[in-house]
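As provided, data.cif (mmCIF, C-alpha atoms) reads as follows.
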data_data
#
loop_
_atom_site.label_atom_id
_atom_site.label_comp_id
_atom_site.auth_asym_id
_atom_site.auth_seq_id
_atom_site.Cartn_x
_atom_site.Cartn_y
_atom_site.Cartn_z
CA MET G 1 54.22 -76.64 -84.43
CA ALA G 2 53.67 -79.34 -81.77
CA GLU G 3 53.31 -78.14 -78.21
CA THR G 4 56.21 -79.12 -75.93
CA LYS G 5 55.07 -81.40 -73.11
CA LYS G 6 55.54 -79.83 -69.69
CA THR G 7 58.02 -81.46 -67.35
CA ILE G 8 56.23 -82.61 -64.20
CA ARG G 9 57.65 -81.08 -61.02
CA ILE G 10 57.83 -83.55 -58.13
CA LEU G 11 58.74 -83.14 -54.47
CA GLN G 12 59.59 -86.43 -52.74
CA VAL G 13 58.99 -86.09 -48.99
CA ASN G 14 60.31 -88.48 -46.34
CA LYS G 15 61.91 -88.54 -42.89
CA LEU G 16 65.45 -89.29 -44.03
CA TYR G 17 67.49 -89.95 -47.17
CA TYR G 18 70.70 -91.54 -48.40
CA PRO G 19 73.28 -92.22 -46.98
CA VAL G 20 70.82 -93.35 -44.28
CA THR G 21 70.03 -96.94 -45.23
CA GLY G 22 66.54 -98.35 -44.84
CA GLY G 23 63.86 -99.80 -47.06
CA ILE G 24 61.86 -96.58 -47.41
CA GLU G 25 64.97 -94.44 -47.89
CA ARG G 26 66.06 -96.75 -50.70
CA VAL G 27 62.70 -96.46 -52.45
CA VAL G 28 62.73 -92.65 -52.20
CA GLN G 29 66.21 -92.57 -53.70
CA GLN G 30 65.20 -94.99 -56.47
CA LEU G 31 62.28 -92.76 -57.43
CA ALA G 32 64.18 -89.47 -57.22
CA GLU G 33 67.20 -90.66 -59.19
CA GLY G 34 65.36 -93.04 -61.51
CA LEU G 35 62.88 -90.39 -62.68
CA CYS G 36 65.14 -87.31 -62.61
CA ASP G 37 65.66 -87.48 -66.40
CA VAL G 38 61.91 -87.36 -67.12
CA THR G 39 60.69 -85.20 -64.23
CA ASP G 40 61.92 -82.19 -62.29
CA SER G 41 62.51 -84.03 -59.01
CA LYS G 42 63.51 -82.60 -55.65
CA VAL G 43 63.72 -84.26 -52.25
CA LEU G 44 62.82 -82.83 -48.83
CA VAL G 45 63.79 -84.76 -45.71
CA CYS G 46 65.14 -84.03 -42.23
CA GLN G 47 68.53 -84.25 -40.62
CA GLN G 48 68.84 -86.83 -37.90
CA LYS G 49 70.50 -83.99 -36.02
CA GLY G 50 72.07 -80.80 -37.36
CA LYS G 51 71.59 -77.71 -39.48
CA THR G 52 69.70 -77.39 -42.77
CA THR G 53 71.68 -78.37 -45.86
CA THR G 54 70.97 -78.54 -49.58
CA GLU G 55 73.12 -80.64 -51.90
CA GLN G 56 73.11 -82.40 -55.25
CA ILE G 57 73.22 -86.20 -55.03
CA ASN G 58 73.41 -88.08 -58.34
CA GLY G 59 71.62 -85.25 -60.15
CA VAL G 60 68.89 -84.73 -57.52
CA GLU G 61 68.55 -81.68 -55.28
CA VAL G 62 68.22 -82.92 -51.70
CA THR G 63 67.26 -80.57 -48.86
CA ARG G 64 67.64 -81.78 -45.28
CA ALA G 65 65.77 -79.59 -42.79
CA SER G 66 67.49 -78.91 -39.49
CA SER G 67 66.64 -81.13 -36.54
CA ILE G 68 67.52 -81.17 -32.84
CA GLY G 69 67.34 -84.96 -32.80
CA MET G 70 64.99 -87.94 -33.07
CA LEU G 71 62.13 -88.98 -30.78
CA SER G 72 60.43 -92.35 -31.35
CA SER G 73 62.02 -92.46 -34.83
CA LEU G 74 60.53 -89.03 -35.68
CA PRO G 75 62.79 -86.03 -36.42
CA LEU G 76 62.22 -83.00 -34.20
CA SER G 77 62.27 -80.28 -36.83
CA MET G 78 60.31 -77.03 -36.91
CA SER G 79 62.22 -75.85 -39.97
CA PHE G 80 60.82 -78.81 -41.94
CA LEU G 81 57.36 -77.20 -41.80
CA TRP G 82 58.69 -73.95 -43.27
CA LYS G 83 60.80 -75.73 -45.90
CA PHE G 84 57.82 -77.84 -46.94
CA ARG G 85 55.64 -74.76 -47.44
CA LYS G 86 58.34 -72.99 -49.45
CA MET G 87 59.43 -75.92 -51.62
CA SER G 88 55.90 -77.11 -52.40
CA ARG G 89 54.82 -73.81 -54.00
CA ASP G 90 56.03 -74.61 -57.53
CA ARG G 91 55.53 -78.39 -57.41
CA ASP G 92 52.88 -80.14 -59.49
CA ILE G 93 52.87 -83.25 -57.28
CA LEU G 94 53.86 -83.88 -53.68
CA HIS G 95 54.86 -87.50 -53.13
CA ILE G 96 54.82 -88.20 -49.38
CA HIS G 97 56.15 -91.48 -47.98
CA MET G 98 54.19 -92.76 -44.98
CA PRO G 99 54.11 -93.22 -42.08
CA PHE G 100 55.64 -89.79 -41.40
CA PRO G 101 53.45 -87.67 -39.07
CA LEU G 102 55.59 -84.56 -39.56
CA GLY G 103 54.96 -84.79 -43.30
CA ASP G 104 51.20 -84.99 -42.73
CA LEU G 105 51.33 -81.92 -40.47
CA ALA G 106 53.47 -79.99 -42.97
CA CYS G 107 51.02 -80.71 -45.78
CA PHE G 108 48.06 -79.66 -43.60
CA LEU G 109 49.70 -76.35 -42.67
CA SER G 110 51.15 -75.56 -46.10
CA GLY G 111 47.94 -74.61 -47.91
CA TYR G 112 49.19 -76.63 -50.91
CA ARG G 113 46.47 -77.11 -53.54
CA GLY G 114 48.16 -79.35 -56.09
CA LYS G 115 48.18 -83.12 -56.48
CA VAL G 116 49.21 -85.36 -53.57
CA VAL G 117 50.50 -88.92 -53.93
CA LEU G 118 51.09 -91.08 -50.85
CA TRP G 119 53.27 -94.18 -50.79
CA TRP G 120 51.88 -96.23 -47.92
CA HIS G 121 54.84 -98.31 -46.77
CA SER G 122 53.27 -99.65 -43.57
CA ASP G 123 50.85 -98.97 -40.73
CA ILE G 124 52.14 -97.59 -37.45
CA VAL G 125 52.27 -100.75 -35.33
CA ARG G 126 53.97 -100.13 -31.99
CA GLN G 127 53.50 -96.44 -31.10
CA LYS G 128 49.86 -96.80 -29.97
CA ARG G 129 49.80 -93.62 -27.87
CA MET G 130 51.20 -91.49 -30.65
CA LEU G 131 48.72 -93.05 -33.08
CA LYS G 132 45.75 -91.82 -31.02
CA ILE G 133 47.01 -88.25 -31.40
CA TYR G 134 48.17 -88.66 -34.99
CA ARG G 135 45.22 -90.59 -36.47
CA PRO G 136 42.89 -87.62 -37.22
CA LEU G 137 45.70 -85.93 -39.16
CA MET G 138 46.54 -89.16 -40.98
CA GLU G 139 42.88 -89.65 -41.92
CA TRP G 140 42.79 -86.10 -43.25
CA LEU G 141 45.77 -86.78 -45.51
CA LEU G 142 44.28 -90.07 -46.72
CA ARG G 143 41.13 -88.19 -47.72
CA ARG G 144 43.20 -85.39 -49.27
CA ALA G 145 45.37 -87.71 -51.36
CA ASP G 146 44.72 -88.08 -55.07
CA SER G 147 46.38 -91.50 -55.17
CA ILE G 148 47.83 -93.97 -52.66
CA ILE G 149 50.56 -96.38 -53.77
CA VAL G 150 50.99 -99.76 -52.07
CA ALA G 151 53.43 -102.51 -53.02
CA THR G 152 50.99 -105.43 -52.67
CA GLN G 153 47.33 -106.20 -52.07
CA GLY G 154 48.44 -107.38 -48.64
CA HIS G 155 49.21 -103.81 -47.66
CA ILE G 156 45.53 -102.99 -48.14
CA ASP G 157 44.05 -106.17 -46.70
CA GLY G 158 46.28 -106.08 -43.62
CA SER G 159 45.93 -102.38 -42.88
CA GLU G 160 43.71 -100.92 -40.18
CA PHE G 161 43.35 -97.72 -42.18
CA LEU G 162 43.39 -98.26 -45.97
CA LYS G 163 40.15 -100.16 -46.66
CA PRO G 164 37.95 -97.01 -46.87
CA TYR G 165 40.38 -95.60 -49.44
CA GLU G 166 40.90 -98.74 -51.53
CA ASP G 167 39.49 -97.04 -54.63
CA LYS G 168 42.41 -94.59 -54.49
CA CYS G 169 45.03 -97.31 -54.07
CA ARG G 170 47.40 -98.29 -56.89
CA ILE G 171 49.48 -101.45 -56.52
CA ILE G 172 53.03 -100.84 -57.69
CA PRO G 173 55.51 -103.53 -56.57
CA PHE G 174 59.01 -102.57 -55.49
CA GLY G 175 61.92 -103.41 -57.75
CA VAL G 176 65.36 -104.96 -57.40
CA GLU G 177 68.02 -102.35 -58.07
CA ARG G 178 69.71 -102.71 -61.46
CA GLN G 179 73.16 -103.26 -59.94
CA ILE G 180 71.89 -106.13 -57.79
CA GLU G 181 70.04 -107.75 -60.69
CA GLU G 182 73.08 -107.44 -62.95
CA THR G 183 75.34 -108.89 -60.25
CA ALA G 184 72.91 -111.78 -59.77
CA ASP G 185 72.82 -112.42 -63.52
CA ARG G 186 76.62 -112.56 -63.67
CA TRP G 187 76.83 -114.77 -60.60
CA ILE G 188 74.36 -117.29 -61.99
CA ALA G 189 76.02 -117.28 -65.43
CA VAL G 190 79.40 -118.05 -63.87
CA GLN G 191 77.91 -120.85 -61.78
CA GLU G 192 76.22 -122.40 -64.81
CA GLU G 193 79.44 -122.24 -66.84
CA SER G 194 81.77 -123.53 -64.13
CA SER G 195 79.62 -126.33 -62.74
CA GLY G 196 77.46 -128.66 -64.75
CA ARG G 197 77.12 -131.05 -61.83
CA GLN G 198 74.18 -131.15 -59.41
CA ARG G 199 74.91 -130.83 -55.73
CA SER G 200 74.11 -133.96 -53.76
CA SER G 201 71.91 -134.08 -50.71
CA LYS G 202 75.05 -134.81 -48.63
CA ASP G 203 76.45 -131.32 -49.25
CA SER G 204 76.11 -128.77 -46.48
CA VAL G 205 73.13 -126.40 -46.58
CA ARG G 206 73.55 -122.70 -45.84
CA PHE G 207 70.72 -120.51 -44.62
CA LEU G 208 70.98 -116.71 -44.81
CA PHE G 209 69.35 -113.84 -42.93
CA VAL G 210 69.99 -110.20 -43.89
CA GLY G 211 68.50 -107.33 -41.92
CA ARG G 212 68.48 -105.37 -38.68
CA LEU G 213 68.58 -107.48 -35.55
CA VAL G 214 65.36 -106.12 -34.06
CA TYR G 215 62.23 -107.66 -32.54
CA TYR G 216 59.94 -107.55 -35.59
CA LYS G 217 62.43 -109.41 -37.79
CA GLY G 218 61.95 -112.56 -35.70
CA CYS G 219 65.66 -112.86 -35.01
CA ASN G 220 65.39 -114.83 -31.76
CA GLU G 221 62.82 -117.14 -33.33
CA LEU G 222 65.30 -117.79 -36.15
CA ILE G 223 68.03 -118.84 -33.72
CA ARG G 224 65.65 -121.13 -31.82
CA ALA G 225 64.40 -122.69 -35.06
CA PHE G 226 67.94 -123.26 -36.32
CA ILE G 227 68.85 -124.95 -33.03
CA GLN G 228 65.91 -127.32 -33.53
CA ALA G 229 66.57 -127.92 -37.22
CA SER G 230 70.26 -128.67 -36.70
CA ALA G 231 69.82 -130.89 -33.65
CA SER G 232 70.11 -134.09 -35.71
CA ARG G 233 72.26 -132.69 -38.54
CA SER G 234 75.76 -131.27 -38.46
CA ASP G 235 75.71 -130.02 -42.06
CA LEU G 236 73.44 -127.00 -41.59
CA PHE G 237 74.90 -123.50 -41.36
CA LEU G 238 73.39 -120.05 -40.77
CA ASP G 239 74.89 -116.70 -41.78
CA ILE G 240 73.41 -113.60 -40.15
CA VAL G 241 74.23 -110.29 -41.85
CA GLY G 242 73.28 -107.20 -39.89
CA THR G 243 73.49 -105.45 -36.55
CA GLY G 244 70.98 -104.29 -33.96
CA PRO G 245 69.91 -104.34 -30.33
CA LEU G 246 69.30 -108.12 -30.27
CA GLU G 247 72.80 -109.05 -31.43
CA ARG G 248 74.22 -109.77 -27.98
CA GLU G 249 71.21 -111.86 -26.93
CA MET G 250 71.35 -113.85 -30.16
CA LYS G 251 75.05 -114.57 -29.76
CA GLU G 252 74.45 -115.76 -26.20
CA MET G 253 71.78 -118.17 -27.46
CA VAL G 254 74.19 -119.51 -30.08
CA HIS G 255 76.95 -119.90 -27.47
CA GLU G 256 74.68 -121.76 -25.05
CA ALA G 257 73.70 -124.16 -27.86
CA GLY G 258 77.36 -124.72 -28.77
CA LEU G 259 76.79 -123.62 -32.37
CA GLU G 260 79.43 -120.87 -32.78
CA GLU G 261 81.05 -122.81 -35.62
CA ARG G 262 77.80 -123.09 -37.55
CA VAL G 263 76.12 -119.73 -36.87
CA ARG G 264 78.18 -116.73 -37.95
CA PHE G 265 77.43 -113.02 -37.52
CA TYR G 266 78.61 -110.38 -40.00
CA ALA G 267 78.39 -106.59 -39.72
CA ASN G 268 79.29 -103.71 -42.05
CA VAL G 269 79.19 -105.90 -45.15
CA GLU G 270 80.03 -104.19 -48.46
CA ASP G 271 77.81 -104.69 -51.53
CA GLU G 272 80.24 -107.09 -53.20
CA GLU G 273 80.45 -109.28 -50.11
CA LEU G 274 76.66 -109.19 -49.64
CA ALA G 275 76.24 -110.44 -53.21
CA GLU G 276 78.51 -113.35 -52.34
CA PHE G 277 76.34 -114.20 -49.34
CA PHE G 278 73.24 -114.25 -51.56
CA GLY G 279 75.04 -116.26 -54.22
CA THR G 280 76.45 -118.94 -51.93
CA CYS G 281 73.47 -119.50 -49.65
CA ASP G 282 70.94 -122.25 -50.35
CA VAL G 283 67.91 -120.73 -48.63
CA PHE G 284 67.03 -117.20 -47.57
CA VAL G 285 65.02 -116.81 -44.35
CA LEU G 286 62.80 -113.84 -43.44
CA PRO G 287 61.18 -114.91 -40.14
CA SER G 288 59.44 -111.60 -39.36
CA VAL G 289 56.85 -111.58 -36.57
CA ALA G 290 55.06 -108.21 -36.83
CA ARG G 291 53.32 -106.06 -39.46
CA SER G 292 56.20 -103.61 -39.15
CA GLU G 293 57.67 -105.89 -41.83
CA ALA G 294 55.44 -104.71 -44.65
CA PHE G 295 57.25 -106.19 -47.67
CA GLY G 296 60.82 -107.33 -47.07
CA LEU G 297 62.92 -105.97 -49.92
CA VAL G 298 65.63 -108.52 -49.15
CA GLN G 299 63.23 -111.23 -50.34
CA ILE G 300 63.35 -110.01 -53.92
CA GLU G 301 67.13 -109.59 -53.75
CA ALA G 302 67.49 -113.23 -52.70
CA MET G 303 65.03 -114.25 -55.42
CA ALA G 304 67.16 -112.41 -58.00
CA PHE G 305 69.96 -114.85 -57.10
CA GLY G 306 67.62 -117.79 -57.61
CA LYS G 307 67.17 -118.61 -53.92
CA PRO G 308 64.01 -120.02 -52.31
CA VAL G 309 62.64 -117.96 -49.42
CA ILE G 310 61.17 -119.00 -46.09
CA ASN G 311 58.88 -116.17 -44.97
CA THR G 312 55.95 -115.75 -42.60
CA LYS G 313 52.20 -115.40 -43.12
CA LEU G 314 51.93 -111.86 -41.81
CA PRO G 315 48.88 -109.64 -42.53
CA SER G 316 51.11 -107.50 -44.74
CA GLY G 317 52.81 -107.73 -48.12
CA VAL G 318 55.42 -110.27 -46.98
CA PRO G 319 53.67 -113.51 -48.09
CA TYR G 320 52.62 -111.88 -51.38
CA VAL G 321 56.27 -111.55 -52.44
CA SER G 322 57.58 -115.11 -52.18
CA LEU G 323 54.73 -117.59 -52.56
CA ASP G 324 54.22 -120.64 -50.37
CA GLN G 325 55.05 -123.93 -52.12
CA VAL G 326 56.00 -122.01 -55.28
CA THR G 327 59.09 -119.90 -54.62
CA GLY G 328 59.66 -121.06 -51.06
CA LEU G 329 57.75 -121.89 -47.90
CA THR G 330 55.53 -119.69 -45.72
CA VAL G 331 55.07 -120.43 -42.02
CA PRO G 332 53.00 -118.84 -39.22
CA PRO G 333 54.80 -115.92 -37.54
CA GLU G 334 56.40 -116.70 -34.14
CA ASP G 335 55.97 -120.46 -34.70
CA VAL G 336 59.48 -121.72 -34.01
CA HIS G 337 58.57 -125.36 -34.62
CA LYS G 338 57.02 -124.70 -38.05
CA LEU G 339 60.01 -122.54 -39.01
CA ALA G 340 62.38 -125.34 -37.99
CA GLN G 341 60.34 -127.83 -40.02
CA ALA G 342 60.53 -125.58 -43.10
CA MET G 343 64.30 -125.30 -42.75
CA GLN G 344 64.61 -129.08 -42.35
CA TYR G 345 62.39 -129.75 -45.37
CA LEU G 346 64.40 -127.54 -47.71
CA ALA G 347 67.65 -128.98 -46.34
CA GLU G 348 66.47 -132.52 -47.01
CA HIS G 349 64.93 -131.90 -50.46
CA PRO G 350 67.63 -130.37 -52.70
CA ASP G 351 65.71 -130.88 -55.94
CA GLU G 352 62.61 -129.06 -54.65
CA ARG G 353 64.88 -126.39 -53.20
CA ARG G 354 66.51 -125.75 -56.55
CA GLU G 355 63.18 -125.78 -58.42
CA MET G 356 61.74 -123.22 -56.00
CA GLY G 357 64.86 -121.10 -56.54
CA VAL G 358 64.37 -121.18 -60.31
CA ARG G 359 60.74 -120.12 -59.91
CA ALA G 360 61.79 -117.41 -57.45
CA ARG G 361 64.14 -115.90 -60.01
CA LEU G 362 61.48 -116.02 -62.74
CA ARG G 363 58.97 -114.32 -60.42
CA MET G 364 61.45 -111.58 -59.59
CA LYS G 365 62.12 -110.98 -63.30
CA LYS G 366 58.39 -110.77 -64.02
CA MET G 367 57.19 -108.79 -60.99
CA TYR G 368 60.00 -106.98 -59.22
CA ARG G 369 62.20 -105.00 -61.62
CA ILE G 370 63.16 -101.43 -60.85
CA ASP G 371 62.42 -100.25 -64.41
CA THR G 372 58.87 -101.60 -64.12
CA MET G 373 58.34 -99.81 -60.81
CA LEU G 374 59.62 -96.51 -62.20
CA GLU G 375 57.50 -96.78 -65.35
CA HIS G 376 54.32 -97.38 -63.31
CA VAL G 377 55.04 -94.40 -61.02
CA LYS G 378 55.79 -92.17 -64.01
CA ARG G 379 52.53 -93.25 -65.66
CA LEU G 380 50.62 -92.41 -62.47
CA TYR G 381 52.16 -88.92 -62.36
CA GLU G 382 51.17 -88.36 -65.99
CA GLU G 383 47.59 -89.52 -65.37
CA LEU G 384 47.24 -87.10 -62.47
CA MET G 385 48.54 -84.21 -64.55
CA GLU G 386 46.23 -85.07 -67.43
CA GLY G 387 43.37 -84.41 -65.02
CA ASN G 388 44.61 -80.82 -64.71
CA GLU G 389 44.63 -80.12 -68.42
#

Take the structure in the file and write it out as structure tokens.
Amino acid sequence: MAETKKTIRILQVNKLYYPVTGGIERVVQQLAEGLCDVTDSKVLVCQQKGKTTTEQINGVEVTRASSIGMLSSLPLSMSFLWKFRKMSRDRDILHIHMPFPLGDLACFLSGYRGKVVLWWHSDIVRQKRMLKIYRPLMEWLLRRADSIIVATQGHIDGSEFLKPYEDKCRIIPFGVERQIEETADRWIAVQEESSGRQRSSKDSVRFLFVGRLVYYKGCNELIRAFIQASASRSDLFLDIVGTGPLEREMKEMVHEAGLEERVRFYANVEDEELAEFFGTCDVFVLPSVARSEAFGLVQIEAMAFGKPVINTKLPSGVPYVSLDQVTGLTVPPEDVHKLAQAMQYLAEHPDERREMGVRARLRMKKMYRIDTMLEHVKRLYEELMEGNE
């Protein structure tokens, strides 16, 4: 009689979890829910503030350790250390999402002897003082890890810390969520059925930004570039979807330029409405200026809708996602003039814009599907467990 294959027991570890929305939180949820049918998956995170809770979310057990609040984006939670030690005891693999100093400390104190997988989402960029204290612990966990997942080669090449551990690194690109891909497929099918005509170069051109309005996203640079690009053209429009600390300053810049009718801000957008923004825009812009932008998941969502992307040549994964002159244009970070030129070029060349959009969609289908990401992670888990047999 054939031996039944053991179900691999996984503990996903991160700062926060759904319904908190962020790129890392989305990836953790994708892994936990996407692999729950083939693994025994649990999730350990922290509360932003409040008591410990355990609940079932879409078939996954999620424990949120109590916290008295957040300091420099880090939960203040002593109970997390105890929960980590307790929940890790029967797990075959701990999958820790970094950077998360409290997770490193919990692993160090737990005495856990099983397999450890890290998903390196980005370096710590701004908190230099904390990094000096944290780095020895981070280096310990990098040495301790059995495997380190990164989404692109750019994560390794642009990191201050990963090069010595490159032999442990496994490149597994992120994936567009099934619902978004299906919505994009339907949207494009409807467009192809309802309109056989080609848009002329005299039609208006809509640019789209989606994300938090924070410094590293290059939000102010985007406004300045749009002001330059639209100086001689009245047919350019910019939709900005998101909220954040720079919102007021950005709106003041738009007001001073007299562009309130052509630059619109949208907050609290539902999924259906967001899909419409992606579908109706002509160009997606990700003008990020710092390595805090390690990948830019919104790039692949725009690419799913067949949109060319203007991104920046950061020392991170960003320019590895949408390729310069292939699926869009890549410009130097913080270079307002070059960004404006890229916007003008795509506005003035509709045929090239559409061709880049077609290639963007093909690249997304080939490289950035959620099922592909999940299959690669599952295969990595299995390889690690085979080493224990």

*Choose the residue, out of G:Pro99, G:Gly34, G:Gly111, G:Gly175, that has the smallest atom-to-atom separation from G:Gly59; count all atoms listed in the file.*
G:Gly34

*For G:Ala302, which residue out of G:Leu374, G:Leu31, G:Leu208, G:Met367 is the nearest one, using all atoms listed in the file?*
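Checking each of G:Leu374, G:Leu31, G:Leu208, G:Met367 against G:Ala302, counting all atoms listed in the file, the winner is G:Leu208.
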
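The spacing separating atom CA of G:Met356 from atom CA of G:Ile171 amounts to 25.0 Å.
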
*asked:* As an exercise, work out the distance from atom CA of G:Ser79 to atom CA of G:Gly50 in Å and give it to one decimal place.
replied: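 Atom CA of G:Gly50 lies at a distance of 11.3 Å from atom CA of G:Ser79.
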
*asked:* Here is a test: counting all atoms listed in the file, which residue of G:Ala231, G:Gly218, G:Glu355, G:Phe265 is nearest to G:Pro332?
replied: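 Using all atoms listed in the file, G:Pro332 sits closest to G:Gly218.
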
_Residues within 9 Å of G:Cys107, please, as a list of chain:residue names. Count all atoms listed in the file; anything in the same chain fewer than 6 positions from it doesn't count._
G:Leu81, G:Phe84, G:Arg85, G:Ser88, G:Leu94, G:Leu141

*How would you write, as a ChimeraX atom specification, the residues chosen by the PyMOL selection byres ((chain G and resi 244) around 10) on this structure?*
/G:211-215,242-243,245-248,267

_Which residues are close to G:Ile370, i.e. within 12 Å by all atoms listed in the file, leaving aside same-chain residues fewer than 6 positions away? Reply as a PyMOL selection string._
chain G and resi 26-27+29-31+33-35+172-182+297+300-301+364+376-377

Could you turn the residues from that selection into a file that holds C-alpha atoms, as a PDB file, in the coordinates of the input?
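Printed below is part12.pdb as written:
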ATOM      1  CA  ARG G  26      66.060 -96.750 -50.700  1.00  0.00           C
ATOM      2  CA  VAL G  27      62.700 -96.460 -52.450  1.00  0.00           C
ATOM      3  CA  GLN G  29      66.210 -92.570 -53.700  1.00  0.00           C
ATOM      4  CA  GLN G  30      65.200 -94.990 -56.470  1.00  0.00           C
ATOM      5  CA  LEU G  31      62.280 -92.760 -57.430  1.00  0.00           C
ATOM      6  CA  GLU G  33      67.200 -90.660 -59.190  1.00  0.00           C
ATOM      7  CA  GLY G  34      65.360 -93.040 -61.510  1.00  0.00           C
ATOM      8  CA  LEU G  35      62.880 -90.390 -62.680  1.00  0.00           C
ATOM      9  CA  ILE G 172      53.030-100.840 -57.690  1.00  0.00           C
ATOM     10  CA  PRO G 173      55.510-103.530 -56.570  1.00  0.00           C
ATOM     11  CA  PHE G 174      59.010-102.570 -55.490  1.00  0.00           C
ATOM     12  CA  GLY G 175      61.920-103.410 -57.750  1.00  0.00           C
ATOM     13  CA  VAL G 176      65.360-104.960 -57.400  1.00  0.00           C
ATOM     14  CA  GLU G 177      68.020-102.350 -58.070  1.00  0.00           C
ATOM     15  CA  ARG G 178      69.710-102.710 -61.460  1.00  0.00           C
ATOM     16  CA  GLN G 179      73.160-103.260 -59.940  1.00  0.00           C
ATOM     17  CA  ILE G 180      71.890-106.130 -57.790  1.00  0.00           C
ATOM     18  CA  GLU G 181      70.040-107.750 -60.690  1.00  0.00           C
ATOM     19  CA  GLU G 182      73.080-107.440 -62.950  1.00  0.00           C
ATOM     20  CA  LEU G 297      62.920-105.970 -49.920  1.00  0.00           C
ATOM     21  CA  ILE G 300      63.350-110.010 -53.920  1.00  0.00           C
ATOM     22  CA  GLU G 301      67.130-109.590 -53.750  1.00  0.00           C
ATOM     23  CA  MET G 364      61.450-111.580 -59.590  1.00  0.00           C
ATOM     24  CA  HIS G 376      54.320 -97.380 -63.310  1.00  0.00           C
ATOM     25  CA  VAL G 377      55.040 -94.400 -61.020  1.00  0.00           C
TER      26      VAL G 377
END

*asked:* Translate the PyMOL selection byres ((chain G and resi 42) around 6) into a concrete residue list for this structure, as a PyMOL selection string.
replied: chain G and resi 11+41+43+61

*Between G:Lys49, G:Arg224, G:Arg129, G:Lys163, which is the closest to G:Met70 once you count all atoms listed in the file?*
G:Lys49

*Which of G:Ile227, G:Cys36, G:Val150, G:Leu118 sits closest to G:His337 [using all atoms listed in the file]*: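 Smallest separation from G:His337 among the options: G:Ile227.
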
*Closest to G:Ser316 among G:Gly158, G:Gly22, G:Pro136, G:Gly296, using all atoms listed in the file?*
G:Gly158

*Would you work out the distance separating atom CA of G:Arg291 from atom CA of G:Ile133, expressed in Å to one decimal?*
20.5 Å

*Pick out the residues sitting within 8 Å of G:Asp92, and hand them over as a ChimeraX atom specification; count all atoms listed in the file, and ignore anything fewer than 4 positions along from it in its own chain.*
/G:8-10,114-115,385

*May I have the residues within 9 Å of G:Pro287 as an NGL selection string, using only C-alpha atoms and disregarding those fewer than 6 positions away in the same chain?*
:G and (209 or 216-219 or 221-222 or 310-312 or 331 or 333-334 or 339)

_For a quick check of your reading of the model, name the residues lying within 12 Å of the coordinate (60.6, -90.7, -29.2), counting all atoms listed in the file, and write them as an MDAnalysis selection string._
chainID G and resid 69:76 126:127 129:130
